[in-house]
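J.: Coordinates in start_8.txt, compact mmCIF, C-alpha atoms, are listed below.
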```txt
# COMPACT_ATOMS: atom_id res chain seq x y z
CA MET A 13 3.84 3.94 -31.84
CA ALA A 14 2.42 2.79 -28.52
CA ALA A 15 -0.80 4.44 -27.44
CA ARG A 16 -0.48 7.01 -24.68
CA PRO A 17 -1.54 5.88 -21.20
CA LYS A 18 -5.09 6.91 -20.33
CA LEU A 19 -6.07 7.86 -16.80
CA HIS A 20 -9.60 7.43 -15.46
CA TYR A 21 -10.39 9.54 -12.38
CA PRO A 22 -12.25 12.64 -11.27
CA ASN A 23 -10.72 15.95 -12.35
CA GLY A 24 -8.62 16.53 -9.27
CA ARG A 25 -5.68 15.20 -7.30
CA GLY A 26 -6.83 12.40 -5.02
CA ARG A 27 -5.09 9.07 -5.49
CA MET A 28 -4.31 9.67 -9.15
CA GLU A 29 -2.04 12.64 -8.61
CA SER A 30 0.99 10.48 -7.73
CA VAL A 31 0.49 8.64 -11.01
CA ARG A 32 0.40 11.94 -12.92
CA TRP A 33 3.61 13.00 -11.15
CA VAL A 34 5.49 9.81 -12.02
CA LEU A 35 4.39 9.76 -15.65
CA ALA A 36 5.35 13.42 -15.97
CA ALA A 37 8.72 12.90 -14.28
CA ALA A 38 9.40 10.01 -16.67
CA GLY A 39 8.53 12.28 -19.61
CA VAL A 40 5.52 10.17 -20.62
CA GLU A 41 2.60 12.01 -22.17
CA PHE A 42 -0.82 10.77 -21.16
CA ASP A 43 -4.52 11.32 -21.75
CA GLU A 44 -7.23 11.68 -19.14
CA GLU A 45 -10.90 10.80 -19.04
CA PHE A 46 -12.48 12.64 -16.14
CA LEU A 47 -15.21 11.00 -14.08
CA GLU A 48 -17.96 13.53 -13.49
CA THR A 49 -21.08 11.51 -12.71
CA LYS A 50 -22.19 8.35 -10.97
CA GLU A 51 -23.45 7.09 -14.32
CA GLN A 52 -19.94 7.26 -15.78
CA LEU A 53 -18.58 5.24 -12.85
CA HIS A 54 -21.31 2.63 -13.27
CA LYS A 55 -20.54 2.40 -16.97
CA LEU A 56 -16.89 1.62 -16.16
CA GLN A 57 -17.93 -0.89 -13.48
CA ASP A 58 -20.61 -2.61 -15.59
CA GLY A 59 -18.22 -2.81 -18.52
CA ASN A 60 -15.77 -4.73 -16.32
CA HIS A 61 -13.06 -2.15 -16.76
CA LEU A 62 -12.31 -1.83 -13.04
CA LEU A 63 -10.91 -4.96 -11.43
CA PHE A 64 -12.26 -4.15 -7.95
CA GLN A 65 -14.89 -1.62 -9.09
CA GLN A 66 -12.61 1.24 -8.07
CA VAL A 67 -10.54 4.01 -9.56
CA PRO A 68 -7.74 5.02 -10.14
CA MET A 69 -7.58 3.02 -13.35
CA VAL A 70 -4.87 3.47 -15.95
CA GLU A 71 -5.05 1.98 -19.44
CA ILE A 72 -1.44 1.27 -20.34
CA ASP A 73 0.35 -1.27 -22.56
CA GLY A 74 -2.86 -3.13 -23.34
CA MET A 75 -3.77 -3.51 -19.66
CA LYS A 76 -6.27 -1.82 -17.36
CA LEU A 77 -4.27 -1.28 -14.19
CA VAL A 78 -5.88 -0.50 -10.85
CA GLN A 79 -4.61 -0.08 -7.26
CA THR A 80 -2.48 3.02 -6.90
CA ARG A 81 0.65 1.25 -5.65
CA SER A 82 0.54 -1.36 -8.40
CA ILE A 83 0.24 1.38 -11.01
CA LEU A 84 3.11 3.39 -9.51
CA HIS A 85 5.36 0.32 -9.29
CA TYR A 86 4.64 -0.67 -12.89
CA ILE A 87 5.49 2.77 -14.22
CA ALA A 88 8.60 2.99 -12.03
CA ASP A 89 9.80 -0.42 -13.24
CA LYS A 90 9.19 0.48 -16.85
CA HIS A 91 10.96 3.83 -16.67
CA ASN A 92 13.97 3.00 -14.56
CA LEU A 93 12.72 4.69 -11.41
CA PHE A 94 13.04 1.67 -9.14
CA GLY A 95 16.77 1.37 -8.52
CA LYS A 96 19.36 -0.92 -10.05
CA ASP A 97 18.91 -4.04 -7.88
CA LEU A 98 16.67 -5.61 -5.27
CA LYS A 99 18.32 -3.82 -2.35
CA GLU A 100 17.86 -0.37 -3.92
CA ARG A 101 14.35 -1.31 -4.94
CA THR A 102 13.49 -2.25 -1.36
CA LEU A 103 14.89 1.01 0.01
CA ILE A 104 12.86 2.95 -2.55
CA ASP A 105 9.80 0.88 -1.63
CA MET A 106 10.19 1.64 2.10
CA TYR A 107 10.62 5.35 1.49
CA VAL A 108 7.64 5.46 -0.85
CA GLU A 109 5.42 3.55 1.58
CA GLY A 110 6.27 5.94 4.41
CA THR A 111 5.69 9.00 2.24
CA LEU A 112 2.38 7.60 0.96
CA ASP A 113 1.25 7.24 4.60
CA LEU A 114 1.87 10.98 5.01
CA LEU A 115 0.30 11.82 1.64
CA GLU A 116 -2.79 9.84 2.69
CA LEU A 117 -3.51 12.49 5.34
CA LEU A 118 -3.52 15.14 2.60
CA ILE A 119 -5.75 13.04 0.35
CA MET A 120 -8.33 12.53 3.10
CA HIS A 121 -8.20 16.09 4.42
CA PRO A 122 -10.82 17.75 2.17
CA PHE A 123 -13.33 15.08 3.18
CA LEU A 124 -13.09 15.68 6.90
CA LYS A 125 -15.76 17.67 8.73
CA PRO A 126 -14.86 21.38 8.56
CA ASP A 127 -14.39 21.47 12.35
CA ASP A 128 -11.78 18.72 12.13
CA GLN A 129 -9.84 20.14 9.22
CA GLN A 130 -7.75 22.68 11.13
CA LYS A 131 -6.78 20.11 13.78
CA GLU A 132 -5.73 17.75 11.02
CA VAL A 133 -3.40 20.33 9.47
CA VAL A 134 -1.63 20.47 12.83
CA ASN A 135 -1.46 16.65 12.92
CA MET A 136 -0.02 16.50 9.39
CA ALA A 137 2.59 19.11 10.23
CA GLN A 138 3.62 17.20 13.35
CA LYS A 139 3.86 13.89 11.54
CA ALA A 140 5.89 15.46 8.75
CA ILE A 141 8.28 17.28 11.07
CA ILE A 142 8.71 14.55 13.70
CA ARG A 143 8.35 11.27 11.86
CA TYR A 144 9.11 11.67 8.16
CA PHE A 145 11.25 14.69 7.30
CA PRO A 146 14.03 13.93 9.80
CA VAL A 147 14.48 10.52 8.17
CA PHE A 148 14.91 11.94 4.68
CA GLU A 149 17.01 14.87 5.90
CA LYS A 150 19.38 12.38 7.52
CA ILE A 151 19.57 10.22 4.39
CA LEU A 152 20.43 13.20 2.20
CA ARG A 153 22.92 14.53 4.72
CA SER A 154 24.65 11.17 5.09
CA HIS A 155 25.36 10.55 1.40
CA GLY A 156 25.34 14.13 0.16
CA GLN A 157 23.75 13.14 -3.15
CA ASN A 158 20.89 14.80 -5.01
CA PHE A 159 18.59 11.78 -4.85
CA LEU A 160 17.46 9.52 -2.04
CA VAL A 161 18.69 6.21 -3.48
CA GLY A 162 21.51 5.19 -5.77
CA ASN A 163 22.40 8.66 -6.96
CA GLN A 164 19.62 8.72 -9.54
CA LEU A 165 16.00 9.86 -9.71
CA SER A 166 13.58 7.25 -8.38
CA LEU A 167 9.94 6.85 -7.43
CA ALA A 168 10.93 7.78 -3.87
CA ASP A 169 12.10 11.25 -4.95
CA VAL A 170 9.01 11.94 -7.06
CA ILE A 171 6.54 10.97 -4.33
CA LEU A 172 8.49 12.86 -1.66
CA LEU A 173 8.62 16.00 -3.82
CA GLN A 174 4.88 15.75 -4.49
CA THR A 175 4.20 15.44 -0.77
CA ILE A 176 6.52 18.27 0.27
CA LEU A 177 4.97 20.70 -2.22
CA ALA A 178 1.43 19.72 -1.21
CA LEU A 179 2.27 20.25 2.47
CA GLU A 180 3.91 23.59 1.71
CA GLU A 181 0.61 24.77 0.24
CA LYS A 182 -0.94 24.35 3.69
CA ILE A 183 2.08 25.04 5.88
CA PRO A 184 4.44 27.32 3.97
CA ASN A 185 7.40 27.08 6.36
CA ILE A 186 7.23 23.33 6.91
CA LEU A 187 10.80 22.78 5.66
CA SER A 188 12.30 25.51 7.82
CA ALA A 189 14.25 23.07 10.01
CA PHE A 190 15.43 20.92 7.10
CA PRO A 191 18.14 22.59 4.99
CA PHE A 192 19.00 19.46 2.99
CA LEU A 193 15.37 18.90 2.08
CA GLN A 194 15.09 22.53 1.03
CA GLU A 195 18.00 22.20 -1.38
CA TYR A 196 16.73 18.81 -2.53
CA THR A 197 13.31 20.29 -3.33
CA VAL A 198 14.85 23.05 -5.44
CA LYS A 199 17.16 20.67 -7.31
CA LEU A 200 14.40 18.16 -8.10
CA SER A 201 12.04 20.92 -9.19
CA ASN A 202 14.58 21.97 -11.78
CA ILE A 203 14.80 18.61 -13.50
CA PRO A 204 13.38 19.45 -16.97
CA THR A 205 10.44 17.01 -16.98
CA ILE A 206 9.47 18.00 -13.43
CA LYS A 207 9.97 21.70 -14.11
CA ARG A 208 7.57 21.41 -17.04
CA PHE A 209 5.00 19.65 -14.85
CA LEU A 210 5.26 22.45 -12.30
CA GLU A 211 4.50 25.14 -14.89
CA PRO A 212 0.98 26.41 -15.64
CA GLY A 213 -0.79 24.47 -18.38
CA SER A 214 0.52 21.07 -17.29
CA LYS A 215 -1.68 18.21 -16.15
CA LYS A 216 -0.82 18.85 -12.50
CA LYS A 217 -4.08 19.40 -10.67
CA PRO A 218 -4.82 22.31 -8.31
CA PRO A 219 -5.47 21.79 -4.58
CA PRO A 220 -8.87 20.21 -3.88
CA ASP A 221 -11.72 22.72 -3.59
CA GLU A 222 -15.43 22.49 -2.79
CA ILE A 223 -16.34 21.64 -6.37
CA TYR A 224 -13.94 18.70 -6.33
CA VAL A 225 -15.26 17.44 -2.98
CA ARG A 226 -18.86 17.71 -4.17
CA THR A 227 -18.05 15.88 -7.43
CA VAL A 228 -16.41 13.05 -5.52
CA TYR A 229 -19.39 12.72 -3.15
CA ASN A 230 -21.79 12.67 -6.09
CA ILE A 231 -19.88 9.98 -7.90
CA PHE A 232 -19.01 7.67 -5.02
CA ARG A 233 -21.74 8.16 -2.46
CA PRO A 234 -23.65 4.85 -2.22
CA MET D 18 24.58 -20.24 7.10
CA ALA D 19 22.50 -17.09 6.88
CA ALA D 20 20.87 -15.92 10.10
CA LYS D 21 17.16 -16.57 10.37
CA PRO D 22 14.92 -13.59 9.68
CA LYS D 23 13.78 -11.96 12.91
CA LEU D 24 10.34 -10.41 13.27
CA TYR D 25 9.54 -7.63 15.76
CA TYR D 26 5.83 -7.20 16.47
CA PHE D 27 3.07 -7.91 18.95
CA ASP D 28 2.16 -11.52 19.68
CA GLY D 29 -0.75 -11.49 17.29
CA ARG D 30 -1.70 -11.17 13.63
CA GLY D 31 -2.00 -7.49 12.76
CA ARG D 32 0.19 -6.31 9.91
CA MET D 33 2.85 -8.95 10.50
CA GLU D 34 0.68 -11.99 9.77
CA SER D 35 1.00 -11.75 5.96
CA ILE D 36 4.78 -11.70 6.41
CA ARG D 37 4.65 -14.84 8.55
CA TRP D 38 2.57 -16.51 5.82
CA LEU D 39 5.06 -15.63 3.10
CA LEU D 40 8.06 -16.87 5.08
CA ALA D 41 6.22 -20.06 6.03
CA ALA D 42 5.14 -20.70 2.43
CA ALA D 43 8.78 -20.40 1.37
CA GLY D 44 9.76 -22.90 4.07
CA VAL D 45 11.95 -20.32 5.78
CA GLU D 46 12.29 -20.58 9.55
CA PHE D 47 12.14 -17.30 11.44
CA GLU D 48 12.46 -15.92 14.94
CA GLU D 49 10.14 -13.52 16.67
CA GLU D 50 10.56 -10.90 19.35
CA PHE D 51 7.18 -9.94 20.80
CA LEU D 52 6.48 -6.40 21.93
CA GLU D 53 4.69 -6.59 25.25
CA THR D 54 5.20 -3.16 26.82
CA ARG D 55 5.37 0.47 25.83
CA GLU D 56 8.94 0.54 27.18
CA GLN D 57 10.06 -2.17 24.76
CA TYR D 58 8.52 -0.27 21.88
CA GLU D 59 10.14 2.99 22.87
CA LYS D 60 13.51 1.26 23.20
CA LEU D 61 13.15 -0.10 19.67
CA GLN D 62 12.40 3.43 18.46
CA ARG D 63 15.39 4.89 20.34
CA ASP D 64 17.69 2.18 18.95
CA GLY D 65 17.03 3.63 15.51
CA ARG D 66 15.97 0.40 13.88
CA LEU D 67 12.47 1.60 12.99
CA LEU D 68 12.74 3.81 9.93
CA PHE D 69 9.55 5.75 10.63
CA GLY D 70 9.24 4.71 14.27
CA GLN D 71 6.81 1.91 13.44
CA VAL D 72 6.51 -1.86 13.40
CA PRO D 73 6.42 -4.34 11.66
CA LEU D 74 10.20 -4.63 11.61
CA VAL D 75 11.94 -7.56 9.94
CA GLU D 76 15.68 -8.07 10.19
CA VAL D 77 16.64 -10.05 7.10
CA ASP D 78 19.74 -10.34 4.92
CA GLY D 79 21.55 -7.65 6.88
CA MET D 80 18.73 -5.12 6.47
CA MET D 81 16.21 -3.61 8.89
CA LEU D 82 13.03 -3.62 6.83
CA THR D 83 9.89 -1.76 7.78
CA GLN D 84 6.67 -0.93 5.92
CA THR D 85 4.58 -4.05 5.43
CA ARG D 86 4.27 -3.91 1.65
CA ALA D 87 7.99 -3.23 1.17
CA ILE D 88 8.82 -6.25 3.33
CA LEU D 89 6.33 -8.46 1.49
CA SER D 90 7.62 -7.34 -1.94
CA TYR D 91 11.20 -8.02 -0.93
CA LEU D 92 10.40 -11.51 0.32
CA ALA D 93 8.22 -12.31 -2.70
CA ALA D 94 11.08 -11.35 -5.03
CA LYS D 95 13.62 -13.27 -2.94
CA PHE D 96 11.53 -16.44 -2.88
CA ASN D 97 10.54 -16.31 -6.53
CA PHE D 98 6.89 -15.71 -5.77
CA TYR D 99 6.68 -12.64 -8.01
CA GLY D 100 6.00 -13.99 -11.50
CA LYS D 101 8.36 -14.30 -14.44
CA ASP D 102 8.15 -10.83 -15.94
CA LEU D 103 6.78 -7.35 -15.43
CA LYS D 104 3.31 -8.19 -16.78
CA GLU D 105 2.90 -11.10 -14.35
CA ARG D 106 4.37 -9.01 -11.57
CA VAL D 107 1.86 -6.19 -11.99
CA ARG D 108 -1.03 -8.67 -11.97
CA ILE D 109 0.28 -10.21 -8.76
CA ASP D 110 0.64 -6.69 -7.33
CA MET D 111 -2.95 -5.76 -8.22
CA TYR D 112 -4.41 -8.96 -6.79
CA VAL D 113 -2.35 -8.61 -3.62
CA ASP D 114 -3.27 -4.93 -3.18
CA GLY D 115 -6.98 -5.76 -3.49
CA THR D 116 -6.68 -8.65 -1.04
CA LEU D 117 -4.71 -6.49 1.40
CA ASP D 118 -7.48 -3.85 1.28
CA LEU D 119 -9.95 -6.53 2.42
CA MET D 120 -7.59 -7.86 5.11
CA THR D 121 -6.92 -4.37 6.43
CA MET D 122 -10.63 -3.96 7.09
CA ILE D 123 -10.53 -7.19 9.12
CA MET D 124 -7.34 -6.19 10.89
CA LEU D 125 -8.76 -2.84 12.01
CA ALA D 126 -12.10 -4.30 13.15
CA PRO D 127 -11.05 -5.17 16.74
CA PHE D 128 -10.12 -1.53 17.32
CA GLN D 129 -13.51 -0.15 16.39
CA ARG D 130 -15.98 1.04 18.98
CA PRO D 131 -18.21 -1.87 20.12
CA GLU D 132 -21.34 -0.26 18.68
CA LYS D 133 -19.74 -0.21 15.21
CA LYS D 134 -18.62 -3.86 15.25
CA GLN D 135 -21.81 -5.35 13.78
CA GLU D 136 -21.85 -2.85 10.94
CA THR D 137 -18.15 -3.42 10.22
CA LEU D 138 -18.58 -7.17 10.13
CA ALA D 139 -21.48 -6.89 7.71
CA SER D 140 -19.46 -4.55 5.51
CA ILE D 141 -16.45 -6.90 5.43
CA LEU D 142 -18.61 -9.86 4.43
CA GLN D 143 -20.40 -7.83 1.80
CA LYS D 144 -17.15 -6.59 0.28
CA ALA D 145 -15.69 -10.10 0.31
CA LYS D 146 -18.71 -11.57 -1.44
CA THR D 147 -19.38 -8.81 -3.97
CA ARG D 148 -16.10 -7.04 -4.63
CA TYR D 149 -13.21 -9.45 -4.06
CA PHE D 150 -14.18 -13.13 -4.20
CA PRO D 151 -16.09 -12.84 -7.51
CA VAL D 152 -12.98 -11.38 -9.13
CA PHE D 153 -10.76 -14.28 -8.12
CA GLU D 154 -13.45 -16.86 -8.90
CA LYS D 155 -13.64 -15.41 -12.40
CA ILE D 156 -9.85 -15.38 -12.86
CA LEU D 157 -9.64 -19.05 -11.90
CA LYS D 158 -12.60 -19.88 -14.13
CA GLU D 159 -11.16 -18.10 -17.16
CA HIS D 160 -7.76 -19.76 -17.23
CA GLY D 161 -8.69 -23.01 -15.47
CA GLU D 162 -5.25 -23.22 -13.89
CA ASP D 163 -4.30 -24.10 -10.33
CA PHE D 164 -2.80 -20.72 -9.44
CA LEU D 165 -3.87 -17.14 -9.97
CA VAL D 166 -0.97 -15.98 -12.17
CA GLY D 167 1.26 -17.68 -14.71
CA ASN D 168 0.31 -21.23 -13.79
CA LYS D 169 2.76 -21.01 -10.92
CA PHE D 170 2.45 -20.58 -7.16
CA SER D 171 2.93 -16.90 -6.29
CA TRP D 172 2.49 -14.30 -3.55
CA ALA D 173 -1.03 -13.66 -4.89
CA ASP D 174 -2.07 -17.23 -4.03
CA ILE D 175 -0.67 -17.03 -0.51
CA GLN D 176 -2.35 -13.70 0.17
CA LEU D 177 -5.71 -14.90 -1.16
CA LEU D 178 -5.65 -18.07 0.95
CA GLU D 179 -4.87 -16.02 4.04
CA ALA D 180 -7.78 -13.70 3.26
CA ILE D 181 -10.21 -16.56 2.59
CA LEU D 182 -9.41 -18.21 5.90
CA MET D 183 -9.78 -14.91 7.77
CA VAL D 184 -13.18 -14.22 6.24
CA GLU D 185 -14.30 -17.79 6.92
CA GLU D 186 -13.52 -17.20 10.59
CA LEU D 187 -16.16 -14.46 10.48
CA ASN D 188 -18.68 -16.50 8.50
CA ALA D 189 -18.02 -20.14 7.75
CA SER D 190 -20.24 -20.32 4.67
CA VAL D 191 -18.82 -17.32 2.83
CA LEU D 192 -17.43 -19.49 -0.01
CA SER D 193 -20.76 -21.18 -0.69
CA ASP D 194 -21.21 -19.39 -4.03
CA PHE D 195 -17.58 -19.79 -5.09
CA PRO D 196 -16.81 -23.41 -6.03
CA LEU D 197 -13.49 -22.65 -7.67
CA LEU D 198 -12.30 -20.69 -4.64
CA LYS D 199 -13.29 -23.65 -2.47
CA ALA D 200 -11.14 -25.94 -4.58
CA PHE D 201 -8.35 -23.34 -4.62
CA LYS D 202 -8.46 -23.15 -0.83
CA THR D 203 -8.08 -26.91 -0.49
CA ARG D 204 -5.36 -27.09 -3.09
CA ILE D 205 -3.20 -24.30 -1.67
CA SER D 206 -3.74 -25.49 1.90
CA ASN D 207 -2.25 -28.82 0.89
CA ILE D 208 1.03 -27.41 -0.34
CA PRO D 209 3.45 -28.99 2.18
CA THR D 210 4.91 -25.76 3.61
CA ILE D 211 1.47 -24.22 3.94
CA LYS D 212 -0.03 -27.39 5.37
CA LYS D 213 2.65 -27.29 8.04
CA PHE D 214 1.89 -23.64 8.82
CA LEU D 215 -1.80 -24.46 9.22
CA GLN D 216 -1.12 -27.12 11.82
CA PRO D 217 -1.15 -26.45 15.58
CA GLY D 218 2.25 -25.49 16.96
CA SER D 219 3.24 -23.34 14.01
CA GLN D 220 3.98 -19.61 14.26
CA ARG D 221 0.59 -18.72 12.79
CA LYS D 222 -1.25 -16.46 15.21
CA PRO D 223 -4.86 -16.87 16.41
CA PRO D 224 -7.63 -14.37 15.61
CA PRO D 225 -7.33 -11.17 17.67
CA ASP D 226 -9.21 -11.03 20.96
CA THR D 227 -9.90 -8.17 23.37
CA HIS D 228 -6.66 -8.82 25.22
CA TYR D 229 -4.69 -8.35 21.99
CA ALA D 230 -6.60 -5.19 21.05
CA ASN D 231 -5.95 -3.69 24.48
CA LEU D 232 -2.27 -4.60 24.38
CA VAL D 233 -1.79 -2.94 21.01
CA SER D 234 -3.72 0.21 21.87
CA ASN D 235 -1.77 0.56 25.11
CA ILE D 236 1.60 0.13 23.45
CA LEU D 237 0.82 2.36 20.46
CA GLN D 238 -1.17 4.75 22.64
CA PHE D 239 -4.37 5.26 20.69
```
Output the file's structure in the form of structure tokens.
T.:
Amino acid sequence: MAARPKLHYPNGRGRMESVRWVLAAAGVEFDEEFLETKEQLHKLQDGNHLLFQQVPMVEIDGMKLVQTRSILHYIADKHNLFGKDLKERTLIDMYVEGTLDLLELLIMHPFLKPDDQQKEVVNMAQKAIIRYFPVFEKILRSHGQNFLVGNQLSLADVILLQTILALEEKIPNILSAFPFLQEYTVKLSNIPTIKRFLEPGSKKKPPPDEIYVRTVYNIFRP
Amino acid sequence: MAAKPKLYYFDGRGRMESIRWLLAAAGVEFEEEFLETREQYEKLQRDGRLLFGQVPLVEVDGMMLTQTRAILSYLAAKFNFYGKDLKERVRIDMYVDGTLDLMTMIMLAPFQRPEKKQETLASILQKAKTRYFPVFEKILKEHGEDFLVGNKFSWADIQLLEAILMVEELNASVLSDFPLLKAFKTRISNIPTIKKFLQPGSQRKPPPDTHYANLVSNILQF
């Protein structure tokens, strides 16, 4: 039996959370080794386990994969989450790239100066409501299906769901003008593998707190 | 005969330059429409061709593609620059993602405040020489082949050559400790399609100057 994938990252969301989401959605069980100290990071770097000295790193299928997008694409390819042909793949890619741009604001948020954090929540909300959500609302409305591309679950749906739920934690009514996205969110959340991931006790990580921010600074501060 | 791909962007490198490289390497002729005013940009947004309201935009094979990485992945797959299987593909993806991280630093440099420019330049050179170039030097050393992946010309080679040339523009001796990268640079530059692209009169764009930086910040309003 193939070894389970092993994730190397601090014990929190950050850039690894999307990987956890996709593995979970694909029904793949995985192990995690949490980075807690600078020494642990140096050990990984000195042992040549990190191609560009950075995490996320995922041990999978005999490889040590780095670079979030590369990891996500590999898992999506392996588990049929990347469409049925090049055209579908490219649509999924475009949607994922846009959503990751939005998710990036959430990833960086805890590391902003406290004075800037409230302003940034407003910025995120605006970007979501003006630039990203209308696009996905229109796509869902125009084909009336439960998934963004090709009438089946793809990487695009998983990343969008992750992003919507993370934004809702900060701005609870963010989907109020988007009825199709609301229904979409409910339907996706009820897919058995995703439902399990959303329940307590799963490997889904909680929102970043001060302990997480401090751990990250301690590990990565030069 | 299929229509030529058409690129919509500013008359400069930015995020579109890697796309120009890939098309040129494949020997594919393309057209360009340069954004020169805010009005042109807003018209493009109103026309609904920009998925998330942003450029780059590439019209190709009947699709309106946005999101740089999605465009690059599509073209790499189309032109057979993406390896022979999933394992080669993920390696190409990782190498490209790392190289793009370095090139993004260079791309954003002209938009930094003048007092930060020196520090940014030093950081780019340091990252190139300690984080990225050693990795590719080692890869070439270990397999002794002409190309980074699978003994075949791929997107990873094109991206790395582009990055090397960009860093050399900042510091001409940056490859002095990397003999295999020097040889790689010469070898890839001599591939006929690439050689042509490197000659005067091609659609390759010059390094960004203040005029370009001002144009972009006026049009994108930042």
J.: Which value, in Å to one decimal, gives the distance between CA of Ile206 in chain A and CA of Leu118 in chain A?
T.: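 If I compute the distance from CA of Ile206 in chain A to CA of Leu118 in chain A, I get 20.8 Å.
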J.: Write out as an NGL selection string every residue belonging to chain D that has an atom at most 9 Å from any atom of chain A, counting all atoms listed in the file.
T.: :D and (68-70 or 80 or 82-88 or 90-91 or 94-95 or 103-104 or 106-112 or 114-115 or 148-149 or 152)
J.: Would you mind telling me which residue in A:Lys18, A:His121, A:Lys215, A:Arg25 lies nearest to Phe42 in chain A when using all atoms listed in the file?
T.: A:Lys18
J.: Using only C-alpha atoms, which protein or nucleic acid residues come within 12 Å of Gly156 in chain A? Drop anything in the same chain fewer than 6 positions from it, and give the result as a short mmCIF file (atom, residue, chain, number, x, y, z; two decimals) with C-alpha atoms, in the frame of the given file.
T.:
```cif
data_model
loop_
_atom_site.label_atom_id
_atom_site.label_comp_id
_atom_site.auth_asym_id
_atom_site.auth_seq_id
_atom_site.Cartn_x
_atom_site.Cartn_y
_atom_site.Cartn_z
CA PHE A 148 14.91 11.94 4.68
CA GLU A 149 17.01 14.87 5.90
CA LYS A 150 19.38 12.38 7.52
CA GLY A 162 21.51 5.19 -5.77
CA ASN A 163 22.40 8.66 -6.96
CA PHE A 192 19.00 19.46 2.99
CA LEU A 193 15.37 18.90 2.08
CA GLU A 195 18.00 22.20 -1.38
CA TYR A 196 16.73 18.81 -2.53
#
```
J.: Please return the centre and edge lengths, in Å to one decimal, of a box with edges along x, y and z that contains all listed atoms of range 113-116 of chain A, widened by 8 Å on every side, as JSON.
T.:
```
{"center_x": -0.5, "center_y": 9.5, "center_z": 3.3, "size_x": 20.7, "size_y": 20.6, "size_z": 19.4}
```
J.: Go through A:Leu117, A:Ala178, A:Val225, A:Ile203 and flag the residue nearest Ala38 in chain A, using only C-alpha atoms for the distances.
T.: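 Closest candidate: A:Ile203.
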J.: At a cut-off of 12 Å from (-10.7, 2.6, -15.6) in the coordinates of the file, what residues are picked up using all atoms listed in the file, written as a PDB file with C-alpha atoms, in the coordinates of the input?
T.:
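Ended up saving to out_17.pdb:
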```pdb
ATOM      1  CA  PRO A  17      -1.540   5.880 -21.200  1.00  0.00           C
ATOM      2  CA  LYS A  18      -5.090   6.910 -20.330  1.00  0.00           C
ATOM      3  CA  LEU A  19      -6.070   7.860 -16.800  1.00  0.00           C
ATOM      4  CA  HIS A  20      -9.600   7.430 -15.460  1.00  0.00           C
ATOM      5  CA  TYR A  21     -10.390   9.540 -12.380  1.00  0.00           C
ATOM      6  CA  PRO A  22     -12.250  12.640 -11.270  1.00  0.00           C
ATOM      7  CA  MET A  28      -4.310   9.670  -9.150  1.00  0.00           C
ATOM      8  CA  GLU A  44      -7.230  11.680 -19.140  1.00  0.00           C
ATOM      9  CA  GLU A  45     -10.900  10.800 -19.040  1.00  0.00           C
ATOM     10  CA  PHE A  46     -12.480  12.640 -16.140  1.00  0.00           C
ATOM     11  CA  LEU A  47     -15.210  11.000 -14.080  1.00  0.00           C
ATOM     12  CA  GLN A  52     -19.940   7.260 -15.780  1.00  0.00           C
ATOM     13  CA  LEU A  53     -18.580   5.240 -12.850  1.00  0.00           C
ATOM     14  CA  HIS A  54     -21.310   2.630 -13.270  1.00  0.00           C
ATOM     15  CA  LYS A  55     -20.540   2.400 -16.970  1.00  0.00           C
ATOM     16  CA  LEU A  56     -16.890   1.620 -16.160  1.00  0.00           C
ATOM     17  CA  GLN A  57     -17.930  -0.890 -13.480  1.00  0.00           C
ATOM     18  CA  ASP A  58     -20.610  -2.610 -15.590  1.00  0.00           C
ATOM     19  CA  GLY A  59     -18.220  -2.810 -18.520  1.00  0.00           C
ATOM     20  CA  ASN A  60     -15.770  -4.730 -16.320  1.00  0.00           C
ATOM     21  CA  HIS A  61     -13.060  -2.150 -16.760  1.00  0.00           C
ATOM     22  CA  LEU A  62     -12.310  -1.830 -13.040  1.00  0.00           C
ATOM     23  CA  LEU A  63     -10.910  -4.960 -11.430  1.00  0.00           C
ATOM     24  CA  PHE A  64     -12.260  -4.150  -7.950  1.00  0.00           C
ATOM     25  CA  GLN A  65     -14.890  -1.620  -9.090  1.00  0.00           C
ATOM     26  CA  GLN A  66     -12.610   1.240  -8.070  1.00  0.00           C
ATOM     27  CA  VAL A  67     -10.540   4.010  -9.560  1.00  0.00           C
ATOM     28  CA  PRO A  68      -7.740   5.020 -10.140  1.00  0.00           C
ATOM     29  CA  MET A  69      -7.580   3.020 -13.350  1.00  0.00           C
ATOM     30  CA  VAL A  70      -4.870   3.470 -15.950  1.00  0.00           C
ATOM     31  CA  GLU A  71      -5.050   1.980 -19.440  1.00  0.00           C
ATOM     32  CA  ILE A  72      -1.440   1.270 -20.340  1.00  0.00           C
ATOM     33  CA  MET A  75      -3.770  -3.510 -19.660  1.00  0.00           C
ATOM     34  CA  LYS A  76      -6.270  -1.820 -17.360  1.00  0.00           C
ATOM     35  CA  LEU A  77      -4.270  -1.280 -14.190  1.00  0.00           C
ATOM     36  CA  VAL A  78      -5.880  -0.500 -10.850  1.00  0.00           C
ATOM     37  CA  GLN A  79      -4.610  -0.080  -7.260  1.00  0.00           C
ATOM     38  CA  THR A  80      -2.480   3.020  -6.900  1.00  0.00           C
ATOM     39  CA  ILE A  83       0.240   1.380 -11.010  1.00  0.00           C
TER      40      ILE A  83
END
```
J.: Report, in Å with one decimal, the straight-line distance from CA of Gly24 in chain A to CA of Ser166 in chain A.
T.: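 Separation of CA of Gly24 in chain A and CA of Ser166 in chain A: 24.1 Å.
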J.: Counting all atoms listed in the file, figure out which residue out of D:Trp38, D:Phe128, D:Phe98, D:Phe27 gets nearest to Lys212 in chain D.
T.: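 Result for the nearest residue to Lys212 in chain D: D:Trp38.
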